[in-house]
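See structure below.
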Amino acid sequence: MPAYKKISPTTGRTSWFTSFYYTDWTGKKRQKKKEGFETRKAALEYERGFLERQAATPDMTFSALCDLYLADYKATRRKTSYEKRKYELNAYILPFFADTPVNAITPATVRKWQAETKKRKNKRDEGKPLSPAMLKTIHIALSAVLNFAVKYYKLPTNPARIAGSMGSTKTPTMSFWTLSQFKAFQRTLPEGDLYAVAFSLLFYTGIRKGELLALTPADFDLKAGFLSISKTYQRIKRQDVIQPPKTEKGVRKIALPPFIVEMMKDCFRRLNNPARNQRVFDSITMTSLLRALNKGAEAAGLPHIRVHDLRHSHASLLIEQGFSPLVIKERLGHESIETTLNTYSHLYPTKQSEIAEKLQALYQK
């Protein structure tokens with residue numbers, strides 16, 4: 001595996017390049033040349049990784065396997081899903097496995113990685129340990145890469161599956177505000193303030209924060225009293241990304257109560273009737289939304305909740321009013337009724353006593 005030194009005749013700068021032959025997927029022999037490496041070692045590492053990816057055998061390094069996996073994942077998944085999976089691999093998995101041949105990874109290796117990962121701190125919330133849900137997510141990412149190797153690159157078994165999972169997907173205690181608590185929070189915000197409008201939409205429609213921040217005037221049919229949800233917003237690498245909801249059921253129409261209709265009419269007037277395709281809340285970010293929520297909660301003496309918990313608050317309000325899980329499923333855009341029941345079944349009052357009483361009444365007829 002040769003590498004060659006190159007000196008620029010104009011700047012005198014020294015760099016390295018590699019030039020080698022490989023056999024492509026059609027069986028044809030080709031030459032590959034890559035320039036611009038600062039060191040000989042970097043040039044040789046590039047050549048080794050390239051040849052491993054071409055050979056695509058189980059003895060390739062885990063790093064080379066990840067490159068293949070992510071290229072495949074990127075072609076079939078949403079950009080946000082791809083960036084999330086790439087982050088999980090780079091932050092918590094590749095530092096441990098990068099140079100390890102894939103077929104040298106054993107269940108014992110995975111168990112050692114699990115033990116070390118449990119001691120890690122959350123890179124996005126410095127100082128805090130990784131949550132059980134995050135540990136579970138990271139393990140799923142590792143297992144997915146190794147399953148990819150089993151399916152496409154002749155790895156005999158998935159050692160992550162044999163080692164067993166870590167963490168837990170058990171949902172923590174759900175937090176939400178009652179209607180009276182939300183009204184107390186509202187009183188801390190100036191009337192007509194854009195944040196007040198945003199929080200009212202979140203509480204009274206149950207939409208997700210990404211769906212809120214993607215909204216444009218074209219999404220509102222204020223004459224008919226409906227809001228159409230067809231997209232979601234996320235900030236990725238300092239760029240605004242608008243994409244469809246994660247599932248088909250996320251595309252939906254939500255009936256608006258008249259007071260929300262009037263609130264939106266006033267909002268559009270205050271914004272000088274923005275263009276139909278302009279984002280209504282383009283001056284609000286995910287971070288500023290949470291900051292405003294915490295500030296208002298503090299001022300009202302309320303327990304702190306997440307922005308997403310306003311969605312739970314909406315569901316709780318509907319359950320309290322006697323609406324069925326099916327109606328709530330459609331309004332929230334859940335993919336299945338099981339999701340709604342698994343999330344909110346504990347909020348429904350038990351009907352066992354009522355059933356027993358009705359059976360007794362039938363028996364006595």
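Letters for chains follow the order of the structure tokens (A, B, ...), residue numbers begin at 1 for each chain, and ligand numbers begin at 1 in the order shown.
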For the contact check between segment 43-73 of chain A and segment 144-151 of chain A, emit one row per residue of segment 43-73 of chain A within 8 Å, containing the shortest atom pair and the distance in Å rounded to one decimal, counting only C-alpha atoms, chain then rising number order, as a tab-separated table.
```
residue	atom	partner	partner_atom	distance
A:Pro58	CA	A:Ala149	CA	7.3
A:Leu65	CA	A:Ala149	CA	7.4
A:Cys66	CA	A:Val145	CA	6.7
A:Tyr69	CA	A:Val145	CA	6.3
```
List the neighbours of Ile305 of chain A out to 9 Å using only C-alpha atoms; skip same-chain residues closer than 5 positions along the sequence, and give me the result as a ChimeraX atom specification. /A:175-177,293-294,297,310
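Considering only C-alpha atoms, the residue among A:Leu94, A:Leu326, A:Ala255, A:Ala163 positioned nearest to Tyr344 of chain A is A:Leu326.
Of the residues listed (A:Thr14, A:Gln243, A:Leu51, A:Ile162), A:Gln243 shows the shortest atom-to-atom separation from Arg77 of chain A; distances use only C-alpha atoms.
Residues of segment 60-308 of chain A carrying a DSSP assignment of strand (DSSP E), computed from the backbone, are Phe220, Asp221, Phe226, Leu227, Ser228, Ile229, Thr232, Tyr233, Gln234, Arg235, Ile236, Gln239, Asp240, Val241, Ile242, Gln243, Arg252, Lys253, Ile254 and Ala255 of chain A.
Distances from A:Phe185, A:Tyr73, A:Tyr195, A:Tyr348 to Gly301 of chain A were compared using only C-alpha atoms, and the smallest one belongs to A:Phe185.
Every residue of segment 217-289 of chain A found in alpha helix (DSSP H) when DSSP is run on the backbone appears here: Pro258, Phe259, Ile260, Val261, Glu262, Met263, Met264, Lys265, Asp266, Cys267, Phe268, Arg269, Arg270, Met286, Thr287, Ser288 and Leu289 of chain A.
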Would you mind listing what lies within 12 Å of Lys295 of chain A as a ChimeraX atom specification, with only C-alpha atoms counted and same-chain residues fewer than 3 positions away left out? /A:185-186,188-189,195,288-292,298-305
N, CA and C atoms of the current selection, written as a PDB file, in the first residue's frame:
```
ATOM      1  N   PHE A 185     -50.585  29.952  33.559  1.00  0.00           N
ATOM      2  CA  PHE A 185     -49.373  30.190  32.763  1.00  0.00           C
ATOM      3  C   PHE A 185     -49.630  31.270  31.714  1.00  0.00           C
ATOM      4  N   GLN A 186     -50.779  31.202  31.044  1.00  0.00           N
ATOM      5  CA  GLN A 186     -51.121  32.175  30.009  1.00  0.00           C
ATOM      6  C   GLN A 186     -51.125  33.601  30.553  1.00  0.00           C
ATOM      7  N   THR A 188     -49.235  34.951  32.503  1.00  0.00           N
ATOM      8  CA  THR A 188     -47.890  35.522  32.654  1.00  0.00           C
ATOM      9  C   THR A 188     -47.361  36.078  31.332  1.00  0.00           C
ATOM     10  N   LEU A 189     -48.072  35.812  30.224  1.00  0.00           N
ATOM     11  CA  LEU A 189     -47.622  36.235  28.900  1.00  0.00           C
ATOM     12  C   LEU A 189     -48.411  37.448  28.426  1.00  0.00           C
ATOM     13  N   TYR A 195     -45.424  34.180  21.444  1.00  0.00           N
ATOM     14  CA  TYR A 195     -45.242  32.981  22.263  1.00  0.00           C
ATOM     15  C   TYR A 195     -46.570  32.544  22.877  1.00  0.00           C
ATOM     16  N   SER A 288     -35.741  28.757  22.420  1.00  0.00           N
ATOM     17  CA  SER A 288     -36.444  29.910  22.985  1.00  0.00           C
ATOM     18  C   SER A 288     -37.845  29.525  23.453  1.00  0.00           C
ATOM     19  N   LEU A 289     -38.440  28.537  22.803  1.00  0.00           N
ATOM     20  CA  LEU A 289     -39.765  28.059  23.202  1.00  0.00           C
ATOM     21  C   LEU A 289     -39.695  27.452  24.603  1.00  0.00           C
ATOM     22  N   LEU A 290     -38.681  26.622  24.844  1.00  0.00           N
ATOM     23  CA  LEU A 290     -38.512  26.012  26.162  1.00  0.00           C
ATOM     24  C   LEU A 290     -38.166  27.066  27.207  1.00  0.00           C
ATOM     25  N   ARG A 291     -37.340  28.025  26.824  1.00  0.00           N
ATOM     26  CA  ARG A 291     -36.959  29.086  27.759  1.00  0.00           C
ATOM     27  C   ARG A 291     -38.191  29.890  28.193  1.00  0.00           C
ATOM     28  N   ALA A 292     -39.059  30.207  27.232  1.00  0.00           N
ATOM     29  CA  ALA A 292     -40.274  30.970  27.551  1.00  0.00           C
ATOM     30  C   ALA A 292     -41.227  30.139  28.416  1.00  0.00           C
ATOM     31  N   GLU A 298     -42.204  29.457  36.061  1.00  0.00           N
ATOM     32  CA  GLU A 298     -41.609  30.041  37.270  1.00  0.00           C
ATOM     33  C   GLU A 298     -42.470  31.187  37.782  1.00  0.00           C
ATOM     34  N   ALA A 299     -42.907  32.049  36.872  1.00  0.00           N
ATOM     35  CA  ALA A 299     -43.700  33.215  37.262  1.00  0.00           C
ATOM     36  C   ALA A 299     -45.056  32.819  37.837  1.00  0.00           C
ATOM     37  N   ALA A 300     -45.620  31.737  37.327  1.00  0.00           N
ATOM     38  CA  ALA A 300     -46.950  31.296  37.783  1.00  0.00           C
ATOM     39  C   ALA A 300     -46.873  30.317  38.941  1.00  0.00           C
ATOM     40  N   GLY A 301     -45.660  29.931  39.335  1.00  0.00           N
ATOM     41  CA  GLY A 301     -45.510  28.980  40.435  1.00  0.00           C
ATOM     42  C   GLY A 301     -45.955  27.577  40.065  1.00  0.00           C
ATOM     43  N   LEU A 302     -45.744  27.218  38.803  1.00  0.00           N
ATOM     44  CA  LEU A 302     -46.174  25.911  38.303  1.00  0.00           C
ATOM     45  C   LEU A 302     -44.998  24.952  38.200  1.00  0.00           C
ATOM     46  N   PRO A 303     -45.260  23.651  38.242  1.00  0.00           N
ATOM     47  CA  PRO A 303     -44.176  22.689  38.020  1.00  0.00           C
ATOM     48  C   PRO A 303     -43.646  22.821  36.600  1.00  0.00           C
ATOM     49  N   HIS A 304     -42.344  22.680  36.429  1.00  0.00           N
ATOM     50  CA  HIS A 304     -41.748  22.788  35.102  1.00  0.00           C
ATOM     51  C   HIS A 304     -42.072  21.526  34.291  1.00  0.00           C
ATOM     52  N   ILE A 305     -42.439  21.731  33.041  1.00  0.00           N
ATOM     53  CA  ILE A 305     -42.694  20.627  32.121  1.00  0.00           C
ATOM     54  C   ILE A 305     -41.948  20.886  30.822  1.00  0.00           C
TER      55      ILE A 305
END
```
One residue among A:Lys183, A:His314, A:Lys253, A:Lys223 is nearest to Tyr204 of chain A when using only C-alpha atoms, and that residue is A:His314
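Residues surrounding Arg276 of chain A within 12 Å are Leu215, Thr216, Pro217, Ala218, Asp219, Phe220, Asp221, Phe268, Asn272, Asn273, Pro274, Gln278, Arg279 and Val280 of chain A [only C-alpha atoms; sequence separation below 2 positions excluded].
For the set A:Asn277, A:Ser345, A:Ser15, A:Ser165, the residue with the smallest atom-to-atom gap to His139 of chain A is A:Ser165, counting only C-alpha atoms.
Each of A:Asp72, A:Leu317, A:Lys5, A:Lys28 was checked against Arg40 of chain A using only C-alpha atoms; the smallest atom-to-atom distance is that of A:Lys5.
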